[in-house]
file structure.cif (mmCIF, C-alpha atoms and all ligand atoms)
data_structure
#
loop_
_atom_site.label_atom_id
_atom_site.label_comp_id
_atom_site.auth_asym_id
_atom_site.auth_seq_id
_atom_site.Cartn_x
_atom_site.Cartn_y
_atom_site.Cartn_z
CA MET A 1 0.00 0.00 0.00
CA THR A 2 1.41 3.35 -0.95
CA THR A 3 1.71 6.29 1.35
CA LYS A 4 -0.39 8.35 -1.01
CA PHE A 5 -3.25 5.92 -0.90
CA THR A 6 -2.98 5.66 2.85
CA GLN A 7 -3.21 9.42 3.19
CA PHE A 8 -6.18 9.42 0.83
CA THR A 9 -7.99 6.84 2.94
CA ALA A 10 -7.10 8.73 6.06
CA ASN A 11 -8.56 11.96 4.67
CA LEU A 12 -11.71 10.19 3.66
CA ASN A 13 -11.95 8.64 7.08
CA ALA A 14 -11.33 11.92 8.79
CA ARG A 15 -14.19 13.60 6.94
CA ARG A 16 -16.44 10.68 7.69
CA ILE A 17 -15.59 10.74 11.39
CA ALA A 18 -15.99 14.52 11.55
CA ARG A 19 -19.40 14.23 9.89
CA ILE A 20 -20.58 11.45 12.17
CA VAL A 21 -19.53 13.30 15.31
CA THR A 22 -20.89 16.70 14.36
CA GLU A 23 -24.03 15.77 12.40
CA SER A 24 -25.36 12.34 13.21
CA MET A 25 -26.16 12.99 16.87
CA PRO A 26 -27.02 16.66 17.31
CA GLU A 27 -28.46 16.33 20.85
CA VAL A 28 -25.25 14.72 22.05
CA TYR A 29 -22.94 16.99 20.08
CA ARG A 30 -24.56 20.03 21.62
CA TYR A 31 -22.89 19.02 24.87
CA LEU A 32 -19.79 17.33 23.52
CA GLU A 33 -18.75 19.99 21.03
CA LYS A 34 -16.29 21.60 23.45
CA PRO A 35 -14.67 18.34 24.53
CA PHE A 36 -14.41 17.29 20.87
CA LEU A 37 -12.83 20.56 19.78
CA VAL A 38 -10.41 20.54 22.69
CA LEU A 39 -9.42 17.03 21.69
CA LEU A 40 -8.74 18.28 18.17
CA ARG A 41 -7.06 21.48 19.10
CA CYS A 42 -5.11 20.47 22.19
CA GLY A 43 -4.99 16.68 22.09
CA LYS A 44 -6.57 16.56 25.51
CA LEU A 45 -9.45 14.62 26.91
CA ALA A 46 -10.79 17.48 28.99
CA LEU A 47 -13.54 15.85 31.01
CA GLY A 48 -12.90 17.09 34.52
CA GLU A 49 -11.84 14.85 37.38
CA SER A 50 -15.00 13.00 38.26
CA TYR A 51 -16.30 12.37 34.75
CA LEU A 52 -12.83 11.22 33.73
CA LYS A 53 -12.86 8.64 36.50
CA TRP A 54 -16.31 7.55 35.44
CA THR A 55 -15.14 7.19 31.84
CA VAL A 56 -12.15 5.06 32.77
CA GLU A 57 -14.45 2.81 34.85
CA GLN A 58 -16.92 2.42 32.00
CA LEU A 59 -14.18 1.50 29.55
CA ARG A 60 -12.77 -1.04 31.96
CA GLU A 61 -16.18 -2.58 32.47
CA MET A 62 -16.70 -2.76 28.73
CA ASP A 63 -13.28 -4.29 28.32
CA ILE A 64 -12.06 -1.51 26.06
CA ASP A 65 -8.39 -1.01 26.51
CA VAL A 66 -7.15 2.58 26.56
CA PRO A 67 -3.81 2.22 28.33
CA ARG A 68 -2.98 5.91 28.04
CA LEU A 69 -5.90 6.51 30.39
CA SER A 70 -6.01 3.50 32.65
CA ALA A 71 -2.30 3.08 33.27
CA ARG A 72 -1.19 6.65 33.34
CA LYS A 73 1.25 7.96 35.89
CA PRO A 74 1.88 11.50 37.03
CA LYS A 75 5.14 13.04 35.80
CA SER A 76 8.12 12.20 38.04
CA LYS A 77 9.76 14.83 40.24
CA HIS A 78 12.77 14.61 38.00
CA ASP A 79 10.79 15.33 34.83
CA LEU A 80 8.99 18.22 36.50
CA ARG A 81 12.34 19.71 37.49
CA LEU A 82 13.64 19.42 33.93
CA LEU A 83 10.49 21.07 32.67
CA ALA A 84 10.86 23.96 35.11
CA ILE A 85 14.49 24.43 34.11
CA ALA A 86 13.56 24.39 30.42
CA ASN A 87 10.97 27.10 31.09
CA LEU A 88 13.53 29.24 32.87
CA HIS A 89 16.06 28.73 30.11
CA ARG A 90 13.58 30.14 27.67
CA LYS A 91 13.88 33.44 29.53
CA GLY A 92 17.64 33.30 29.93
CA TRP A 93 20.42 31.09 31.24
CA GLU A 94 20.68 32.70 34.67
CA TYR A 95 18.20 31.96 37.42
CA THR A 96 18.25 31.92 41.21
CA GLU A 97 17.35 29.01 43.49
CA GLN A 98 14.21 30.90 44.46
CA GLU A 99 13.16 31.36 40.84
CA LEU A 100 13.66 27.67 40.26
CA ALA A 101 11.58 26.79 43.33
CA ASP A 102 8.77 29.10 42.17
CA GLU A 103 8.80 27.78 38.64
CA LEU A 104 8.83 24.20 39.92
CA LYS A 105 5.79 24.92 42.05
CA LEU A 106 3.94 26.37 39.05
CA VAL A 107 4.87 23.49 36.78
CA THR A 108 3.89 20.93 39.43
CA GLU A 109 0.50 22.49 40.06
CA ARG A 110 -0.26 22.77 36.39
CA ASN A 111 0.73 19.19 35.69
CA ASP A 112 -1.23 17.92 38.60
CA LYS A 113 -4.30 19.70 37.34
CA ILE A 114 -3.84 18.35 33.83
CA PHE A 115 -3.30 14.87 35.18
CA ARG A 116 -6.53 14.94 37.13
CA ASN A 117 -8.75 16.82 34.67
CA SER A 118 -7.54 16.76 31.11
CA PRO A 119 -4.94 14.13 30.22
CA THR A 120 -3.19 14.20 26.86
CA VAL A 121 -4.36 11.34 24.65
CA ASP A 122 -4.08 10.09 21.09
CA MET A 123 -6.89 11.22 18.87
CA SER A 124 -8.33 7.74 18.41
CA ASP A 125 -8.12 6.90 22.12
CA GLY A 126 -9.80 10.20 22.91
CA LEU A 127 -12.70 9.50 20.56
CA VAL A 128 -13.12 5.97 21.83
CA ALA A 129 -13.11 7.17 25.44
CA LEU A 130 -15.50 10.03 24.78
CA PHE A 131 -18.10 8.03 22.84
CA GLU A 132 -17.80 4.33 23.64
CA SER A 133 -18.19 5.06 27.36
CA LEU A 134 -21.66 6.36 26.48
CA GLY A 135 -22.50 3.24 24.52
CA ILE A 136 -22.04 5.03 21.19
CA SER A 137 -20.17 2.51 19.10
CA THR A 138 -17.27 3.88 17.07
CA SER A 139 -16.49 0.62 15.32
CA ASP A 140 -17.95 1.68 11.97
CA TRP A 141 -16.64 5.19 11.99
CA SER A 142 -13.45 4.40 10.21
CA MET A 143 -13.59 2.85 6.77
CA ASP A 144 -10.16 1.45 7.29
CA PHE A 145 -11.01 -2.20 7.25
CA GLN A 146 -7.41 -3.35 7.59
CA THR A 147 -7.24 -2.17 11.13
CA TYR A 148 -7.92 -4.06 14.29
CA GLY A 149 -9.08 -1.08 16.31
CA SER A 150 -11.68 1.51 15.53
CA PHE A 151 -9.32 4.15 14.18
CA ALA A 152 -6.17 2.14 14.00
CA PHE A 153 -4.90 3.88 10.88
CA ARG A 154 -2.48 5.44 13.26
CA GLU A 155 -0.93 2.36 14.83
CA ARG A 156 -1.15 0.11 11.79
CA PHE A 157 0.28 2.36 9.16
CA GLY A 158 2.22 4.92 11.07
CA VAL A 159 1.14 7.24 8.23
CA PRO A 160 -0.26 9.81 8.37
CA SER A 161 1.91 10.75 11.25
CA ASN A 162 -0.62 13.20 12.61
CA THR A 163 -4.12 11.88 12.98
CA ARG A 164 -5.16 14.98 14.83
CA ASN A 165 -4.20 17.23 11.92
CA THR A 166 -5.93 14.99 9.44
CA LEU A 167 -9.13 15.07 11.45
CA ARG A 168 -8.84 18.81 11.98
CA GLU A 169 -8.52 19.28 8.22
CA GLY A 170 -11.53 17.01 7.78
CA LEU A 171 -13.59 19.17 10.07
CA ILE A 172 -12.45 22.35 8.31
CA VAL A 173 -13.45 20.92 4.93
CA LEU A 174 -16.82 20.15 6.42
CA LYS A 175 -17.57 23.20 8.52
CA GLY A 176 -15.24 25.92 7.37
CA ARG A 177 -12.35 27.31 9.30
CA ASP A 178 -14.35 29.66 11.51
CA ALA A 179 -16.73 27.12 12.90
CA ILE A 180 -13.95 25.31 14.61
CA PHE A 181 -11.78 27.18 17.02
CA PRO A 182 -13.23 29.70 19.38
CA GLY A 183 -10.87 32.65 19.57
CA LYS A 184 -7.38 32.61 20.95
CA LYS A 185 -7.99 30.87 24.23
CA SER A 186 -5.29 28.74 25.79
CA CYS A 187 -5.67 24.99 26.10
CA ASP A 188 -5.98 25.38 29.87
CA GLU A 189 -8.92 27.76 29.51
CA LEU A 190 -10.55 25.56 26.89
CA ALA A 191 -10.08 22.52 29.11
CA ASP A 192 -11.97 24.27 31.91
CA GLU A 193 -14.79 25.20 29.55
CA SER A 194 -14.89 21.64 28.27
CA ALA A 195 -15.14 20.22 31.79
CA ALA A 196 -17.99 22.62 32.54
CA ALA A 197 -19.84 21.47 29.40
CA ILE A 198 -19.34 17.88 30.49
CA GLU A 199 -20.84 18.66 33.89
CA ARG A 200 -23.95 20.10 32.20
CA PHE A 201 -24.07 17.04 29.97
CA ARG A 202 -23.96 14.74 32.95
CA GLN A 203 -27.01 16.44 34.47
CA SER A 204 -28.92 16.27 31.19
CA ASP A 205 -31.72 13.97 30.06
CA VAL A 206 -29.63 13.14 27.00
CA PHE A 207 -26.99 11.58 29.22
CA ALA A 208 -29.53 9.68 31.31
CA GLU A 209 -31.13 8.28 28.16
CA LEU A 210 -27.83 7.18 26.66
CA ILE A 211 -26.89 5.31 29.82
CA ALA A 212 -30.31 3.69 30.12
CA GLU A 213 -30.10 2.58 26.48
CA LYS A 214 -26.66 1.18 27.01
CA GLN A 215 -27.83 -0.83 30.01
CA LYS A 216 -30.87 -2.12 28.18
CA ARG A 217 -28.78 -3.25 25.23
CA ARG A 218 -26.49 -5.25 27.47
CA GLU A 219 -29.40 -7.01 29.13
CA VAL A 220 -31.03 -7.79 25.83
CA SER A 221 -27.94 -9.25 24.30
CA ALA A 222 -27.09 -11.39 27.33
CA SER A 223 -30.61 -12.76 27.34
CA ASP A 224 -30.44 -13.37 23.58
CA LEU A 225 -27.42 -15.52 24.23
CA MET A 226 -29.22 -17.25 27.09
CA ARG A 227 -32.11 -18.14 24.78
CA ARG A 228 -29.64 -20.02 22.61
CA CYS A 229 -28.44 -22.03 25.62
CA VAL A 230 -32.03 -22.89 26.46
CA LYS A 231 -32.90 -23.91 22.93
CA CYS A 232 -30.18 -26.55 22.59
CA HIS A 233 -30.01 -27.86 26.13
CA THR A 234 -33.71 -28.41 26.75
CA ASP A 235 -34.34 -29.96 23.35
CA TYR A 236 -33.96 -33.62 24.42
CA ASP A 237 -31.44 -33.98 21.62
CA PRO A 238 -29.42 -37.10 22.53
CA GLU A 239 -26.21 -35.40 21.39
CA ILE A 240 -26.63 -32.57 23.85
CA PRO A 241 -26.48 -32.90 27.65
CA TYR A 242 -29.88 -31.96 29.09
CA ILE A 243 -29.56 -28.84 31.27
CA PRO A 244 -32.80 -27.10 32.34
CA PHE A 245 -31.57 -23.58 31.50
CA ASP A 246 -35.22 -22.48 31.27
CA GLN A 247 -35.68 -23.06 35.02
CA PRO A 248 -33.46 -20.80 37.10
CA SER A 249 -34.08 -22.68 40.36
CA ALA A 250 -33.16 -26.02 38.77
CA VAL A 251 -30.00 -24.47 37.30
CA SER A 252 -29.20 -23.05 40.71
CA ASN A 253 -29.18 -26.56 42.17
CA LEU A 254 -26.90 -27.84 39.43
CA LEU A 255 -24.26 -25.13 39.45
CA LEU A 256 -22.12 -26.67 42.18
CA GLN A 257 -22.56 -30.26 40.94
CA PRO A 258 -19.96 -31.95 38.72
CA THR A 259 -20.75 -31.85 35.00
CA GLU A 260 -21.41 -34.90 32.91
CA LEU A 261 -18.54 -34.53 30.48
CA ASN A 262 -15.91 -33.05 32.80
CA PRO A 263 -16.72 -34.41 36.28
CA ASN A 264 -13.64 -32.70 37.72
CA ARG A 265 -15.41 -29.37 37.18
CA THR A 266 -18.57 -28.00 38.68
CA MET A 267 -21.22 -26.75 36.30
CA MET A 268 -20.37 -23.17 37.29
CA GLU A 269 -16.67 -23.72 36.59
CA ASP A 270 -17.53 -25.37 33.30
CA ILE A 271 -19.77 -22.49 32.26
CA VAL A 272 -17.10 -19.94 33.14
CA TYR A 273 -14.62 -21.97 31.11
CA ARG A 274 -16.89 -22.45 28.11
CA LEU A 275 -17.85 -18.79 28.04
CA GLY A 276 -14.24 -17.69 28.51
CA ASP A 277 -11.51 -16.80 26.04
CA VAL A 278 -9.42 -19.98 26.14
CA ALA A 279 -12.06 -22.59 25.33
CA THR A 280 -11.56 -24.15 21.88
CA GLU A 281 -14.11 -23.76 19.15
CA LYS A 282 -15.68 -27.10 20.09
CA GLU A 283 -15.75 -26.48 23.82
CA ARG A 284 -17.07 -22.98 23.54
CA MET A 285 -20.76 -22.33 24.19
CA PRO A 286 -22.39 -21.84 21.84
CA MET A 287 -19.92 -23.62 19.57
CA GLY A 288 -18.64 -21.73 16.58
CA PRO A 289 -17.97 -18.03 16.26
CA ILE A 290 -17.13 -16.33 19.49
CA TYR A 291 -19.57 -13.91 21.12
CA ASP A 292 -18.70 -10.45 22.25
CA ARG A 293 -16.76 -10.64 25.48
CA LYS A 294 -18.97 -8.31 27.46
CA VAL A 295 -22.08 -10.27 26.56
CA ARG A 296 -20.40 -13.48 27.74
CA GLN A 297 -19.31 -11.77 30.94
CA ASP A 298 -22.84 -10.55 31.57
CA LEU A 299 -24.12 -14.08 31.18
CA VAL A 300 -21.49 -15.41 33.60
CA ARG A 301 -22.67 -12.77 36.04
CA TYR A 302 -26.23 -13.97 35.59
CA PHE A 303 -25.18 -17.51 36.50
CA GLU A 304 -23.16 -16.24 39.45
CA GLY A 305 -26.35 -14.62 40.67
CA LEU A 306 -28.00 -18.04 40.62
CA LEU A 307 -25.34 -19.71 42.79
CA PRO A 308 -26.91 -21.17 45.95
CA LYS A 309 -26.59 -18.54 48.64
CA ASP A 310 -24.93 -20.71 51.32
CA SER A 311 -22.07 -21.54 48.96
CA GLU A 312 -20.02 -18.51 49.90
C1 LIG A 401 -26.00 -25.42 19.24
C2 LIG A 401 -26.41 -26.10 20.46
C3 LIG A 401 -25.84 -25.58 21.76
C4 LIG A 401 -25.96 -24.31 22.26
C5 LIG A 401 -26.58 -23.09 21.61
C6 LIG A 401 -25.34 -24.34 23.57
N1 LIG A 401 -24.85 -25.58 23.83
FE1 LIG A 401 -23.94 -26.16 25.56
N2 LIG A 401 -23.56 -27.96 24.73
C7 LIG A 401 -23.90 -28.37 23.48
C8 LIG A 401 -23.26 -29.64 23.17
C9 LIG A 401 -23.36 -30.42 21.87
C10 LIG A 401 -22.51 -30.00 24.32
C11 LIG A 401 -21.56 -31.16 24.49
C12 LIG A 401 -20.21 -30.54 24.10
C13 LIG A 401 -18.99 -31.41 24.33
O1 LIG A 401 -18.99 -32.55 23.92
O2 LIG A 401 -18.06 -30.83 24.93
C14 LIG A 401 -22.73 -28.93 25.29
C15 LIG A 401 -22.19 -28.93 26.57
C16 LIG A 401 -22.43 -27.94 27.51
C17 LIG A 401 -22.03 -28.03 28.88
C18 LIG A 401 -21.38 -29.22 29.56
C19 LIG A 401 -22.48 -30.06 30.13
C20 LIG A 401 -21.97 -31.27 30.91
O3 LIG A 401 -22.75 -31.75 31.73
O4 LIG A 401 -20.85 -31.70 30.68
C21 LIG A 401 -22.38 -26.86 29.48
C22 LIG A 401 -22.17 -26.45 30.92
C23 LIG A 401 -23.02 -26.04 28.45
N3 LIG A 401 -23.06 -26.76 27.27
C24 LIG A 401 -23.48 -24.76 28.65
C25 LIG A 401 -24.03 -23.97 27.67
C26 LIG A 401 -24.35 -22.59 27.81
C27 LIG A 401 -24.17 -21.79 29.09
C28 LIG A 401 -24.84 -22.16 26.63
C29 LIG A 401 -25.27 -20.79 26.24
C30 LIG A 401 -24.25 -19.80 26.33
C31 LIG A 401 -24.82 -23.30 25.73
N4 LIG A 401 -24.32 -24.38 26.37
C32 LIG A 401 -25.27 -23.24 24.41
C33 LIG A 401 -24.76 -27.68 22.61
C34 LIG A 401 -25.13 -26.36 22.75
#

call {"tool": "encode", "arguments": {"input": "structure.cif", "output": "structure tokens", "more": "lines below"}}
Ligand code: HEC
result
Amino acid sequence: MTTKFTQFTANLNARRIARIVTESMPEVYRYLEKPFLVLLRCGKLALGESYLKWTVEQLREMDIDVPRLSARKPKSKHDLRLLAIANLHRKGWEYTEQELADELKLVTERNDKIFRNSPTVDMSDGLVALFESLGISTSDWSMDFQTYGSFAFRERFGVPSNTRNTLREGLIVLKGRDAIFPGKKSCDELADESAAAIERFRQSDVFAELIAEKQKRREVSASDLMRRCVKCHTDYDPEIPYIPFDQPSAVSNLLLQPTELNPNRTMMEDIVYRLGDVATEKERMPMGPIYDRKVRQDLVRYFEGLLPKDSE
């Protein structure tokens, strides 16, 4: 694949993503415009401390890996000191101990604030965090079918080197230059405005509806999967062990009993295994293509809820 073609695809993708974000969900974008623009302009996920924590929790629960968010560490003392010295050097080579101490204090406070409220992220991670946490799937946003992640044109191709620029250009093509960046505000100011918008969003009906929808979807899909278990295992098909999955109390009694085919495991252990990631295609339930991990986890949780109470 040539670089030129890759850039072409990236531009196309960028316009598509910009259009989806800004036009396909106006009620949501009304609140998320600031966070989105700050992501584009400053490369920051400016959500404010508490919503940021909430987002990281949601992603973890949904098994979406955004290491830049979940495994981030504050800057070390050493790095902060180097940063302070670099700042002073910009003004001149001479500085006193006191000036260094003052600058270090400033730099430390600023970094601490950024760490808690508006971490720096990759464009694609930022979009995933901002939208997937709300149950808005980003998986079809990018037309880049060679990628394994939603917007993986960055990690797979390494070109274009600047996803943020590409997306910014995409938005400019779409909306014109003026619509994008409000005045000459600093990233710190914009981050504060973004966090305030997020707080309003969190109080809104739009937010409540999104979260309710997301919850409902999870329940539906776990019970869809459960219906498949019921269908096969209560069918009196001689090839299939009979398990009364349609009767929760009967299942409850079986969960701690050994299974037919693997008597060294309890039914609960066997279910966890068969719904897990390591089971082979034949052991997996249902056999064949693997189900979404979060749906399988939800179903495991359902069975855990059926465990006899005195077992703990
Ligand atoms: C397409 C039919 C089919 C569906 C759907 C299906 N199973 Fe099975 N199940 C089987 C067959 C066949 C076996 C025997 C597999 C083997 O030989 O390992 C089995 C075995 C099992 C066993 C082991 C039983 C024992 O006593 O050894 C458990 C537990 C189980 N299935 C749970 C589930 C759960 C939970 C679901 C839903 C997520 C499910 N199955 C969906 C056909 C099905």

call {"tool": "closest_atom_pairs", "arguments": {"input": "structure.cif", "of": "chain A", "to": "ligand LIG 401 (chain A)", "cutoff": "9 Å", "atoms": "all atoms listed in the file", "output": "JSON lines"}}
result
{"residue": "A:Ala222", "atom": "CA", "partner": "A:LIG401", "partner_atom": "C30", "distance": 8.9}
{"residue": "A:Leu225", "atom": "CA", "partner": "A:LIG401", "partner_atom": "C30", "distance": 5.7}
{"residue": "A:Met226", "atom": "CA", "partner": "A:LIG401", "partner_atom": "C29", "distance": 5.4}
{"residue": "A:Arg227", "atom": "CA", "partner": "A:LIG401", "partner_atom": "C29", "distance": 7.5}
{"residue": "A:Arg228", "atom": "CA", "partner": "A:LIG401", "partner_atom": "C5", "distance": 4.4}
{"residue": "A:Cys229", "atom": "CA", "partner": "A:LIG401", "partner_atom": "C29", "distance": 3.5}
{"residue": "A:Val230", "atom": "CA", "partner": "A:LIG401", "partner_atom": "C32", "distance": 7.1}
{"residue": "A:Lys231", "atom": "CA", "partner": "A:LIG401", "partner_atom": "C5", "distance": 6.5}
{"residue": "A:Cys232", "atom": "CA", "partner": "A:LIG401", "partner_atom": "C2", "distance": 4.4}
{"residue": "A:His233", "atom": "CA", "partner": "A:LIG401", "partner_atom": "N1", "distance": 6.1}
{"residue": "A:Asp237", "atom": "CA", "partner": "A:LIG401", "partner_atom": "C9", "distance": 8.8}
{"residue": "A:Glu239", "atom": "CA", "partner": "A:LIG401", "partner_atom": "C9", "distance": 5.8}
{"residue": "A:Ile240", "atom": "CA", "partner": "A:LIG401", "partner_atom": "C9", "distance": 4.4}
{"residue": "A:Pro241", "atom": "CA", "partner": "A:LIG401", "partner_atom": "C19", "distance": 5.5}
{"residue": "A:Tyr242", "atom": "CA", "partner": "A:LIG401", "partner_atom": "O3", "distance": 7.6}
{"residue": "A:Ile243", "atom": "CA", "partner": "A:LIG401", "partner_atom": "C19", "distance": 7.3}
{"residue": "A:Phe245", "atom": "CA", "partner": "A:LIG401", "partner_atom": "C27", "distance": 8.0}
{"residue": "A:Leu255", "atom": "CA", "partner": "A:LIG401", "partner_atom": "C22", "distance": 8.9}
{"residue": "A:Pro258", "atom": "CA", "partner": "A:LIG401", "partner_atom": "O3", "distance": 7.5}
{"residue": "A:Thr259", "atom": "CA", "partner": "A:LIG401", "partner_atom": "O3", "distance": 3.8}
{"residue": "A:Glu260", "atom": "CA", "partner": "A:LIG401", "partner_atom": "O3", "distance": 3.6}
{"residue": "A:Leu261", "atom": "CA", "partner": "A:LIG401", "partner_atom": "O4", "distance": 3.7}
{"residue": "A:Asn262", "atom": "CA", "partner": "A:LIG401", "partner_atom": "O4", "distance": 5.5}
{"residue": "A:Pro263", "atom": "CA", "partner": "A:LIG401", "partner_atom": "O4", "distance": 7.5}
{"residue": "A:Arg265", "atom": "CA", "partner": "A:LIG401", "partner_atom": "O4", "distance": 8.8}
{"residue": "A:Thr266", "atom": "CA", "partner": "A:LIG401", "partner_atom": "C22", "distance": 8.7}
{"residue": "A:Met267", "atom": "CA", "partner": "A:LIG401", "partner_atom": "C22", "distance": 5.5}
{"residue": "A:Met268", "atom": "CA", "partner": "A:LIG401", "partner_atom": "C22", "distance": 7.4}
{"residue": "A:Glu269", "atom": "CA", "partner": "A:LIG401", "partner_atom": "C22", "distance": 8.4}
{"residue": "A:Asp270", "atom": "CA", "partner": "A:LIG401", "partner_atom": "C22", "distance": 5.3}
{"residue": "A:Ile271", "atom": "CA", "partner": "A:LIG401", "partner_atom": "C22", "distance": 4.8}
{"residue": "A:Val272", "atom": "CA", "partner": "A:LIG401", "partner_atom": "C27", "distance": 8.4}
{"residue": "A:Tyr273", "atom": "CA", "partner": "A:LIG401", "partner_atom": "C22", "distance": 8.8}
{"residue": "A:Arg274", "atom": "CA", "partner": "A:LIG401", "partner_atom": "C24", "distance": 7.0}
{"residue": "A:Leu275", "atom": "CA", "partner": "A:LIG401", "partner_atom": "C30", "distance": 6.7}
{"residue": "A:Lys282", "atom": "CA", "partner": "A:LIG401", "partner_atom": "O2", "distance": 6.6}
{"residue": "A:Glu283", "atom": "CA", "partner": "A:LIG401", "partner_atom": "O2", "distance": 5.0}
{"residue": "A:Arg284", "atom": "CA", "partner": "A:LIG401", "partner_atom": "FE1", "distance": 7.8}
{"residue": "A:Met285", "atom": "CA", "partner": "A:LIG401", "partner_atom": "C31", "distance": 4.4}
{"residue": "A:Pro286", "atom": "CA", "partner": "A:LIG401", "partner_atom": "C32", "distance": 4.1}
{"residue": "A:Met287", "atom": "CA", "partner": "A:LIG401", "partner_atom": "C1", "distance": 6.3}
{"residue": "A:Gly288", "atom": "CA", "partner": "A:LIG401", "partner_atom": "C1", "distance": 8.7}
{"residue": "A:Arg296", "atom": "CA", "partner": "A:LIG401", "partner_atom": "C30", "distance": 7.5}
{"residue": "A:Leu299", "atom": "CA", "partner": "A:LIG401", "partner_atom": "C30", "distance": 7.5}
{"residue": "A:Val300", "atom": "CA", "partner": "A:LIG401", "partner_atom": "C27", "distance": 8.3}
{"residue": "A:Phe303", "atom": "CA", "partner": "A:LIG401", "partner_atom": "C27", "distance": 8.6}

call {"tool": "atom_distance", "arguments": {"input": "structure.cif", "atom1": "CA of Glu27 in chain A", "atom2": "CA of Asp298 in chain A"}}
result
29.5 Å

call {"tool": "residues_around", "arguments": {"input": "structure.cif", "residues": "range 193-209 of chain A", "least_positions_apart": "4", "cutoff": "8 Å", "atoms": "only C-alpha atoms", "output": "JSON list (two decimals) with C-alpha atoms, in the coordinates of the input"}}
result
[["chain", "number", "residue", "atom", "x", "y", "z"],
["A", 27, "GLU", "CA", -28.46, 16.33, 20.85],
["A", 28, "VAL", "CA", -25.25, 14.72, 22.05],
["A", 31, "TYR", "CA", -22.89, 19.02, 24.87],
["A", 32, "LEU", "CA", -19.79, 17.33, 23.52],
["A", 34, "LYS", "CA", -16.29, 21.60, 23.45],
["A", 35, "PRO", "CA", -14.67, 18.34, 24.53],
["A", 38, "VAL", "CA", -10.41, 20.54, 22.69],
["A", 46, "ALA", "CA", -10.79, 17.48, 28.99],
["A", 47, "LEU", "CA", -13.54, 15.85, 31.01],
["A", 48, "GLY", "CA", -12.90, 17.09, 34.52],
["A", 51, "TYR", "CA", -16.30, 12.37, 34.75],
["A", 117, "ASN", "CA", -8.75, 16.82, 34.67],
["A", 134, "LEU", "CA", -21.66, 6.36, 26.48],
["A", 189, "GLU", "CA", -8.92, 27.76, 29.51],
["A", 213, "GLU", "CA", -30.10, 2.58, 26.48]]

call {"tool": "residues_around", "arguments": {"input": "structure.cif", "residues": "range 53-64 of chain A", "least_positions_apart": "3", "cutoff": "10 Å", "atoms": "all atoms listed in the file", "output": "ChimeraX atom specification"}}
result
/A:47-50,67,69-70,116-117,128-135,293-295,297

call {"tool": "axis_aligned_box", "arguments": {"input": "structure.cif", "around": "range 242-247 of chain A", "padding_each_side": "4 Å", "output": "AutoDock Vina command-line options"}}
result
--center_x -32.6 --center_y -27.2 --center_z 32.1 --size_x 14.1 --size_y 17.5 --size_z 13.9

call {"tool": "residues_around", "arguments": {"input": "structure.cif", "residues": "Trp141 in chain A", "least_positions_apart": "3", "cutoff": "7 Å", "atoms": "all atoms listed in the file", "output": "ChimeraX atom specification"}}
result
/A:16-17,138

call {"tool": "closest_residue", "arguments": {"input": "structure.cif", "among": "A:Tyr291, A:Asp246, A:Ala86, A:Phe115", "to": "Ala71 in chain A", "atoms": "only C-alpha atoms"}}
result
A:Phe115

call {"tool": "atom_distance", "arguments": {"input": "structure.cif", "atom1": "CA of Val121 in chain A", "atom2": "CA of Asp192 in chain A"}}
result
16.7 Å

call {"tool": "atom_distance", "arguments": {"input": "structure.cif", "atom1": "CA of Leu104 in chain A", "atom2": "CA of Gly43 in chain A"}}
result
23.8 Å

call {"tool": "residues_near_point", "arguments": {"input": "structure.cif", "point": "(-17.4, 15.4, 9.7)", "cutoff": "12 Å", "atoms": "all atoms listed in the file", "output": "count of residues only"}}
result
31

call {"tool": "closest_residue", "arguments": {"input": "structure.cif", "among": "A:Cys187, A:Leu83, A:Ala10, A:Ala250", "to": "Thr120 in chain A", "atoms": "all atoms listed in the file"}}
result
A:Cys187

call {"tool": "closest_residue", "arguments": {"input": "structure.cif", "among": "A:Leu37, A:Val220, A:Leu307, A:Val278", "to": "Leu256 in chain A", "atoms": "all atoms listed in the file"}}
result
A:Leu307

call {"tool": "closest_residue", "arguments": {"input": "structure.cif", "among": "A:Asp292, A:Asn264, A:Tyr302, A:Asn111", "to": "Pro74 in chain A", "atoms": "only C-alpha atoms"}}
result
A:Asn111

call {"tool": "build_atoms", "arguments": {"input": "structure.cif", "residues": "range 111-117 of chain A", "atoms": "N, CA and C atoms", "output": "PDB file, keeping the file's coordinate frame"}}
result
ATOM      1  N   ASN A 111       0.737  20.584  36.107  1.00  0.00           N
ATOM      2  CA  ASN A 111       0.730  19.190  35.690  1.00  0.00           C
ATOM      3  C   ASN A 111      -0.237  18.346  36.478  1.00  0.00           C
ATOM      4  N   ASP A 112      -0.322  18.659  37.747  1.00  0.00           N
ATOM      5  CA  ASP A 112      -1.230  17.920  38.600  1.00  0.00           C
ATOM      6  C   ASP A 112      -2.675  18.135  38.134  1.00  0.00           C
ATOM      7  N   LYS A 113      -2.958  19.373  37.806  1.00  0.00           N
ATOM      8  CA  LYS A 113      -4.300  19.700  37.340  1.00  0.00           C
ATOM      9  C   LYS A 113      -4.608  18.978  36.023  1.00  0.00           C
ATOM     10  N   ILE A 114      -3.648  19.027  35.109  1.00  0.00           N
ATOM     11  CA  ILE A 114      -3.840  18.350  33.830  1.00  0.00           C
ATOM     12  C   ILE A 114      -4.036  16.859  34.042  1.00  0.00           C
ATOM     13  N   PHE A 115      -3.222  16.305  34.929  1.00  0.00           N
ATOM     14  CA  PHE A 115      -3.300  14.870  35.180  1.00  0.00           C
ATOM     15  C   PHE A 115      -4.695  14.480  35.660  1.00  0.00           C
ATOM     16  N   ARG A 116      -5.231  15.287  36.554  1.00  0.00           N
ATOM     17  CA  ARG A 116      -6.530  14.940  37.130  1.00  0.00           C
ATOM     18  C   ARG A 116      -7.699  15.249  36.201  1.00  0.00           C
ATOM     19  N   ASN A 117      -7.586  16.311  35.411  1.00  0.00           N
ATOM     20  CA  ASN A 117      -8.750  16.820  34.670  1.00  0.00           C
ATOM     21  C   ASN A 117      -8.736  16.622  33.163  1.00  0.00           C
TER      22      ASN A 117
END
